[in-house]
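Containing mmCIF, C-alpha atoms: my_file10.cif.
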```cif
data_query
loop_
_atom_site.label_atom_id
_atom_site.label_comp_id
_atom_site.auth_asym_id
_atom_site.auth_seq_id
_atom_site.Cartn_x
_atom_site.Cartn_y
_atom_site.Cartn_z
CA MET A 459 69.03 92.62 89.83
CA THR A 460 65.32 92.76 89.04
CA ALA A 461 62.27 93.03 91.24
CA THR A 462 60.70 89.83 92.47
CA THR A 463 57.51 88.94 90.61
CA ALA A 464 54.64 86.56 91.24
CA HIS A 465 55.84 84.42 88.31
CA GLU A 466 58.97 83.37 90.21
CA ASN A 467 57.04 81.23 92.70
CA ALA A 468 53.82 79.31 93.09
CA HIS A 469 52.04 81.84 95.29
CA THR A 470 50.03 84.91 94.36
CA TYR A 471 48.31 87.66 96.30
CA ASP A 472 45.16 85.54 96.46
CA ASP A 473 47.07 82.94 98.49
CA LEU A 474 47.94 85.37 101.28
CA PRO A 475 44.75 84.97 103.35
CA ARG A 476 45.34 81.20 103.44
CA LEU A 477 48.97 81.70 104.44
CA MET A 478 47.94 84.16 107.15
CA ALA A 479 45.36 81.67 108.44
CA LEU A 480 48.09 79.09 109.03
CA MET A 481 49.47 81.26 111.84
CA THR A 482 47.30 80.52 114.85
CA GLY A 483 49.32 81.80 117.81
CA ASP A 484 48.72 84.93 119.84
CA GLU A 485 46.84 87.16 117.42
CA LYS A 486 46.33 90.28 119.51
CA HIS A 487 48.24 92.25 116.87
CA GLY A 488 46.25 90.85 113.94
CA PRO A 489 45.03 94.30 112.80
CA ALA A 490 48.62 95.60 112.83
CA ALA A 491 49.49 92.80 110.42
CA THR A 492 46.51 92.97 108.08
CA SER A 493 46.83 96.74 107.69
CA THR A 494 50.28 96.24 106.15
CA LEU A 495 49.49 93.29 103.87
CA ASP A 496 48.86 95.21 100.64
CA VAL A 497 51.85 97.50 101.15
CA LEU A 498 54.13 94.52 101.73
CA TRP A 499 52.82 92.63 98.72
CA VAL A 500 53.26 95.53 96.30
CA LEU A 501 56.79 96.14 97.56
CA TYR A 502 57.90 92.52 97.32
CA ASP A 503 55.99 91.75 94.13
CA GLY A 504 57.14 94.64 91.99
CA VAL A 505 59.39 97.19 93.69
CA LEU A 506 62.10 95.67 95.88
CA ARG A 507 65.16 94.36 94.06
CA VAL A 508 65.68 91.33 96.25
CA SER A 509 65.03 87.61 96.00
CA PRO A 510 65.79 84.53 98.14
CA GLN A 511 68.82 83.81 95.96
CA ARG A 512 70.19 87.35 96.42
CA ALA A 513 69.22 87.89 100.06
CA ARG A 514 72.81 88.78 101.02
CA ASP A 515 73.90 90.43 97.78
CA PRO A 516 75.53 93.78 98.64
CA GLU A 517 73.62 95.35 95.72
CA ARG A 518 70.20 94.22 96.99
CA ASP A 519 67.52 96.59 98.18
CA ARG A 520 66.97 96.58 101.95
CA PHE A 521 63.54 96.36 103.57
CA LEU A 522 63.21 97.09 107.29
CA LEU A 523 59.97 96.31 109.13
CA SER A 524 59.86 98.83 111.94
CA LYS A 525 56.25 97.88 112.73
CA GLY A 526 57.55 94.55 113.95
CA HIS A 527 54.87 93.87 116.56
CA GLY A 528 52.50 92.73 113.80
CA PRO A 529 54.69 90.41 111.70
CA MET A 530 52.14 87.88 110.42
CA ALA A 531 51.60 89.62 107.07
CA TYR A 532 55.38 89.97 106.70
CA TYR A 533 55.88 86.25 107.30
CA ALA A 534 53.09 85.39 104.83
CA VAL A 535 54.64 87.53 102.10
CA LEU A 536 58.14 86.16 102.76
CA ALA A 537 56.74 82.63 102.50
CA ALA A 538 54.84 83.47 99.33
CA LYS A 539 58.03 84.81 97.79
CA GLY A 540 60.15 81.83 98.80
CA PHE A 541 62.27 83.37 101.55
CA LEU A 542 61.02 80.88 104.12
CA PRO A 543 59.12 77.56 103.96
CA VAL A 544 55.34 77.67 104.15
CA GLU A 545 55.67 74.74 106.57
CA TRP A 546 57.07 77.13 109.18
CA LEU A 547 53.90 79.23 109.35
CA PRO A 548 51.74 77.00 111.60
CA GLY A 549 54.42 77.17 114.30
CA PHE A 550 54.13 80.96 114.56
CA GLY A 551 54.88 82.13 118.08
CA SER A 552 55.65 78.69 119.51
CA TYR A 553 58.67 77.99 121.69
CA ASP A 554 60.84 76.38 119.03
CA SER A 555 59.64 78.36 116.00
CA PRO A 556 61.87 80.89 114.21
CA LEU A 557 58.69 82.92 113.60
CA GLY A 558 58.51 84.97 116.77
CA HIS A 559 56.07 87.68 117.71
CA HIS A 560 58.80 90.06 116.57
CA PRO A 561 61.02 89.19 113.55
CA ASP A 562 64.57 88.01 114.29
CA ARG A 563 67.17 88.64 111.59
CA THR A 564 69.40 85.87 112.96
CA LEU A 565 66.69 83.25 112.42
CA LEU A 566 64.89 84.28 109.23
CA PRO A 567 66.28 84.50 105.68
CA GLY A 568 65.69 87.88 104.09
CA VAL A 569 64.97 89.73 107.34
CA GLU A 570 67.28 92.74 107.68
CA ILE A 571 66.66 93.77 111.32
CA GLY A 572 65.19 92.39 114.50
CA SER A 573 62.29 94.72 115.20
CA GLY A 574 59.31 95.40 117.39
CA SER A 575 60.45 98.19 119.71
CA LEU A 576 58.53 101.02 118.11
CA GLY A 577 60.50 104.04 116.99
CA HIS A 578 63.83 102.56 116.00
CA GLY A 579 63.21 101.40 112.41
CA LEU A 580 63.55 104.80 110.72
CA PRO A 581 66.78 105.70 112.55
CA VAL A 582 68.23 102.30 111.57
CA ALA A 583 67.18 102.92 107.96
CA VAL A 584 68.91 106.31 108.00
CA GLY A 585 72.07 104.63 109.25
CA GLU A 586 71.75 101.95 106.58
CA ALA A 587 71.40 104.57 103.83
CA LEU A 588 74.39 106.50 105.16
CA GLY A 589 76.46 103.32 105.38
CA LEU A 590 75.66 102.30 101.81
CA ARG A 591 76.55 105.78 100.57
CA ALA A 592 79.85 105.69 102.48
CA GLN A 593 80.68 102.40 100.75
CA GLY A 594 79.94 103.84 97.33
CA LEU A 595 76.88 101.59 96.89
CA THR A 596 74.54 104.01 95.16
CA ASP A 597 72.06 101.56 93.60
CA PRO A 598 70.54 99.76 96.62
CA ALA A 599 67.39 101.36 97.98
CA VAL A 600 66.51 101.29 101.67
CA TRP A 601 62.84 100.91 102.56
CA VAL A 602 61.35 101.10 106.04
CA LEU A 603 57.72 100.47 107.02
CA THR A 604 56.45 102.26 110.10
CA GLY A 605 53.11 102.85 111.73
CA ASP A 606 51.69 106.33 112.19
CA ALA A 607 51.89 106.12 115.99
CA GLU A 608 55.62 105.40 115.79
CA LEU A 609 56.14 108.95 114.60
CA ASP A 610 55.31 110.09 118.14
CA GLU A 611 58.74 108.75 119.14
CA GLY A 612 61.57 111.27 119.40
CA SER A 613 64.02 108.94 117.69
CA ASN A 614 61.89 109.00 114.56
CA HIS A 615 61.60 112.77 114.66
CA GLU A 616 65.38 113.10 114.74
CA ALA A 617 65.84 110.64 111.88
CA LEU A 618 63.15 112.30 109.80
CA ALA A 619 64.65 115.75 110.37
CA PHE A 620 68.16 114.57 109.49
CA ALA A 621 67.42 112.59 106.32
CA GLY A 622 66.03 115.45 104.24
CA PRO A 623 68.94 117.89 104.60
CA ALA A 624 71.35 114.94 104.24
CA GLY A 625 69.88 114.25 100.78
CA LEU A 626 69.42 110.52 101.37
CA GLU A 627 67.86 109.87 97.99
CA ARG A 628 67.94 106.07 98.35
CA LEU A 629 65.92 106.18 101.59
CA HIS A 630 62.18 105.43 101.44
CA ALA A 631 59.68 105.41 104.31
CA VAL A 632 56.19 103.92 104.14
CA VAL A 633 53.91 105.10 106.94
CA VAL A 634 50.81 102.94 107.40
CA ASP A 635 48.25 105.42 108.73
CA ASN A 636 45.37 103.83 110.64
CA SER A 637 44.67 106.94 112.73
CA SER A 638 46.39 105.57 115.82
CA ALA A 639 48.82 108.43 116.40
CA SER A 640 48.07 110.35 119.60
CA HIS A 641 49.57 113.66 118.43
CA ALA A 642 48.22 113.83 114.90
CA ARG A 643 46.13 116.15 112.75
CA PRO A 644 44.55 115.59 109.32
CA ASP A 645 47.27 115.41 106.66
CA GLY A 646 49.84 116.13 109.35
CA ILE A 647 52.09 113.19 108.52
CA ALA A 648 52.65 114.28 104.93
CA ALA A 649 53.17 117.89 106.01
CA ARG A 650 55.75 116.81 108.55
CA PHE A 651 57.84 114.97 105.98
CA GLU A 652 57.51 117.82 103.48
CA ALA A 653 58.71 120.32 106.05
CA ALA A 654 61.80 118.18 106.61
CA GLY A 655 62.69 118.20 102.91
CA TRP A 656 61.29 114.82 101.87
CA SER A 657 59.37 113.97 98.73
CA VAL A 658 55.92 112.81 99.91
CA VAL A 659 52.84 111.21 98.40
CA THR A 660 49.66 109.93 100.07
CA ALA A 661 47.91 106.85 98.70
CA ASP A 662 45.14 104.37 99.50
CA GLY A 663 46.93 101.65 101.47
CA HIS A 664 44.87 98.89 99.84
CA ASP A 665 44.98 100.05 96.20
CA HIS A 666 47.83 98.18 94.54
CA GLU A 667 48.08 100.42 91.49
CA ALA A 668 48.07 103.58 93.60
CA LEU A 669 50.69 102.13 95.92
CA TYR A 670 52.96 101.10 93.05
CA GLU A 671 52.72 104.57 91.51
CA ALA A 672 53.48 106.17 94.87
CA PHE A 673 56.43 103.86 95.55
CA THR A 674 58.02 104.45 92.16
CA ARG A 675 57.50 108.20 91.86
CA PRO A 676 60.79 110.01 91.04
CA HIS A 677 62.33 112.03 93.90
CA ALA A 678 65.75 113.22 92.76
CA GLY A 679 68.03 114.34 95.57
CA ARG A 680 65.51 113.72 98.36
CA PRO A 681 64.33 110.82 100.51
CA HIS A 682 60.81 109.67 99.70
CA ALA A 683 57.87 108.98 101.99
CA VAL A 684 54.56 107.30 101.17
CA VAL A 685 51.65 107.73 103.58
CA ALA A 686 49.47 104.65 103.07
CA ARG A 687 46.03 105.31 104.48
CA VAL A 688 44.13 102.29 105.75
CA ARG A 689 40.98 101.77 107.81
CA SER A 690 41.10 103.37 111.26
CA LYS A 691 41.81 100.90 114.04
CA ASN A 692 39.02 102.59 116.00
CA VAL A 693 36.32 101.81 113.42
#
```
Would you mind writing the file's structure down as structure tokens?
Amino acid sequence: MTATTAHENAHTYDDLPRLMALMTGDEKHGPAATSTLDVLWVLYDGVLRVSPQRARDPERDRFLLSKGHGPMAYYAVLAAKGFLPVEWLPGFGSYDSPLGHHPDRTLLPGVEIGSGSLGHGLPVAVGEALGLRAQGLTDPAVWVLTGDAELDEGSNHEALAFAGPAGLERLHAVVVDNSSASHARPDGIAARFEAAGWSVVTADGHDHEALYEAFTRPHAGRPHAVVARVRSKNV
């Protein structure tokens, strides 16, 4: 299985603002969506080994959106990559639309978990990585995208502390850091993962080349975390 590329469909990164603009429902979490757009694009365009045709292949990579309260960028990227019809986007958030204010895995092709309750994505990803290892599936990677404030949750602390000593090499966490965590200090996110035995790299959350390099950095025997720094939500 190979990574999805922009050549496999008619949409490119430049189309994403137009696709985002089609979603006109409740936009109170717009910043939560736009802060993740570049991370999501780089993952789906050149890192994740998944496609609409292989969305249920046991050997696929898994992507879990823990930051599910801001799904508009996720929906735009899934539409750009052919997982769901562009025609669904204008119905975002409406009564009969499958595009809810939180993603629903039972309604949307390619969505691995229903998400939005902050703090549960990383624990689910740890369980996914453990389950794949127990089945002898050593190739699929598990990726989870969280926000920095989610790391205040105790469930994430437990998952983070477990994954390093467990040697979950196929587990990857992307933390979108917009300075919203209430118990944070400068560079504290990276230090926290390092202390728990993870491989860690910090990158500009809007620089596609830097993100790709960070996502693909070797990390033998350890889970890998990327801290993607974006503009502060308070600016």
For segment 673-677 of chain A, list every protein, DNA or RNA residue within 12 Å, evaluated using all atoms listed in the file, and leave out those in the same chain fewer than 4 positions away; present the list as a PyMOL selection string.
chain A and resi 497-498+500-502+504-506+599+601-602+622+625-633+655-663+666-669+681-686
May I ask which of the residues A:Ala607, A:Leu557, A:Glu652, A:Leu590 is the closest one to Ala619 of chain A, counting only C-alpha atoms?
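That would be A:Glu652, the residue with the smallest distance to Ala619 of chain A.
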Hits from the PyMOL selection byres ((chain A and resi 614) around 12), listed as a PyMOL selection string:
chain A and resi 524+576-584+602+604-613+615-621+631+633+650-651
In Å, how far is it from atom CA of Gly679 of chain A to atom CA of Pro623 of chain A?
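According to the coordinates, atom CA of Gly679 of chain A and atom CA of Pro623 of chain A are separated by 9.7 Å.
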Length of the atom CA of Gln593 of chain A to atom CA of Pro510 of chain A vector [Å]:
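Between these atoms lies a distance of 23.4 Å.
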Using the atoms already present, construct N, CA, C and O atoms for segment 512-526 of chain A and hand them back as a PDB file, in the coordinates of the input.
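What landed in part34.pdb:
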```pdb
ATOM      1  N   ARG A 512      69.311  86.175  96.303  1.00  0.00           N
ATOM      2  CA  ARG A 512      70.190  87.350  96.420  1.00  0.00           C
ATOM      3  C   ARG A 512      70.012  88.037  97.777  1.00  0.00           C
ATOM      4  O   ARG A 512      70.274  89.222  97.905  1.00  0.00           O
ATOM      5  N   ALA A 513      69.576  87.289  98.778  1.00  0.00           N
ATOM      6  CA  ALA A 513      69.220  87.890 100.060  1.00  0.00           C
ATOM      7  C   ALA A 513      70.411  88.525 100.778  1.00  0.00           C
ATOM      8  O   ALA A 513      70.214  89.349 101.676  1.00  0.00           O
ATOM      9  N   ARG A 514      71.632  88.165 100.406  1.00  0.00           N
ATOM     10  CA  ARG A 514      72.810  88.780 101.020  1.00  0.00           C
ATOM     11  C   ARG A 514      73.697  89.472  99.982  1.00  0.00           C
ATOM     12  O   ARG A 514      74.845  89.797 100.275  1.00  0.00           O
ATOM     13  N   ASP A 515      73.171  89.696  98.821  1.00  0.00           N
ATOM     14  CA  ASP A 515      73.900  90.430  97.780  1.00  0.00           C
ATOM     15  C   ASP A 515      74.095  91.875  98.234  1.00  0.00           C
ATOM     16  O   ASP A 515      73.131  92.549  98.592  1.00  0.00           O
ATOM     17  N   PRO A 516      75.320  92.392  98.225  1.00  0.00           N
ATOM     18  CA  PRO A 516      75.530  93.780  98.640  1.00  0.00           C
ATOM     19  C   PRO A 516      74.720  94.786  97.823  1.00  0.00           C
ATOM     20  O   PRO A 516      74.427  95.881  98.311  1.00  0.00           O
ATOM     21  N   GLU A 517      74.359  94.431  96.592  1.00  0.00           N
ATOM     22  CA  GLU A 517      73.620  95.350  95.720  1.00  0.00           C
ATOM     23  C   GLU A 517      72.101  95.221  95.871  1.00  0.00           C
ATOM     24  O   GLU A 517      71.348  95.876  95.160  1.00  0.00           O
ATOM     25  N   ARG A 518      71.642  94.396  96.809  1.00  0.00           N
ATOM     26  CA  ARG A 518      70.200  94.220  96.990  1.00  0.00           C
ATOM     27  C   ARG A 518      69.572  95.457  97.615  1.00  0.00           C
ATOM     28  O   ARG A 518      70.245  96.248  98.285  1.00  0.00           O
ATOM     29  N   ASP A 519      68.273  95.623  97.410  1.00  0.00           N
ATOM     30  CA  ASP A 519      67.520  96.590  98.180  1.00  0.00           C
ATOM     31  C   ASP A 519      67.317  96.049  99.596  1.00  0.00           C
ATOM     32  O   ASP A 519      67.252  94.834  99.813  1.00  0.00           O
ATOM     33  N   ARG A 520      67.208  96.965 100.555  1.00  0.00           N
ATOM     34  CA  ARG A 520      66.970  96.580 101.950  1.00  0.00           C
ATOM     35  C   ARG A 520      65.566  96.981 102.367  1.00  0.00           C
ATOM     36  O   ARG A 520      65.158  98.121 102.145  1.00  0.00           O
ATOM     37  N   PHE A 521      64.839  96.043 102.993  1.00  0.00           N
ATOM     38  CA  PHE A 521      63.540  96.360 103.570  1.00  0.00           C
ATOM     39  C   PHE A 521      63.584  96.130 105.071  1.00  0.00           C
ATOM     40  O   PHE A 521      63.964  95.052 105.533  1.00  0.00           O
ATOM     41  N   LEU A 522      63.187  97.152 105.834  1.00  0.00           N
ATOM     42  CA  LEU A 522      63.210  97.090 107.290  1.00  0.00           C
ATOM     43  C   LEU A 522      61.782  97.247 107.813  1.00  0.00           C
ATOM     44  O   LEU A 522      61.125  98.259 107.551  1.00  0.00           O
ATOM     45  N   LEU A 523      61.296  96.242 108.531  1.00  0.00           N
ATOM     46  CA  LEU A 523      59.970  96.310 109.130  1.00  0.00           C
ATOM     47  C   LEU A 523      60.100  96.909 110.520  1.00  0.00           C
ATOM     48  O   LEU A 523      60.446  96.215 111.476  1.00  0.00           O
ATOM     49  N   SER A 524      59.822  98.205 110.627  1.00  0.00           N
ATOM     50  CA  SER A 524      59.860  98.830 111.940  1.00  0.00           C
ATOM     51  C   SER A 524      58.624  98.444 112.748  1.00  0.00           C
ATOM     52  O   SER A 524      58.685  98.290 113.967  1.00  0.00           O
ATOM     53  N   LYS A 525      57.500  98.258 112.060  1.00  0.00           N
ATOM     54  CA  LYS A 525      56.250  97.880 112.730  1.00  0.00           C
ATOM     55  C   LYS A 525      56.277  96.374 113.011  1.00  0.00           C
ATOM     56  O   LYS A 525      55.435  95.609 112.562  1.00  0.00           O
ATOM     57  N   GLY A 526      57.268  95.970 113.798  1.00  0.00           N
ATOM     58  CA  GLY A 526      57.550  94.550 113.950  1.00  0.00           C
ATOM     59  C   GLY A 526      56.645  93.828 114.927  1.00  0.00           C
ATOM     60  O   GLY A 526      56.738  92.603 115.057  1.00  0.00           O
TER      61      GLY A 526
END
```
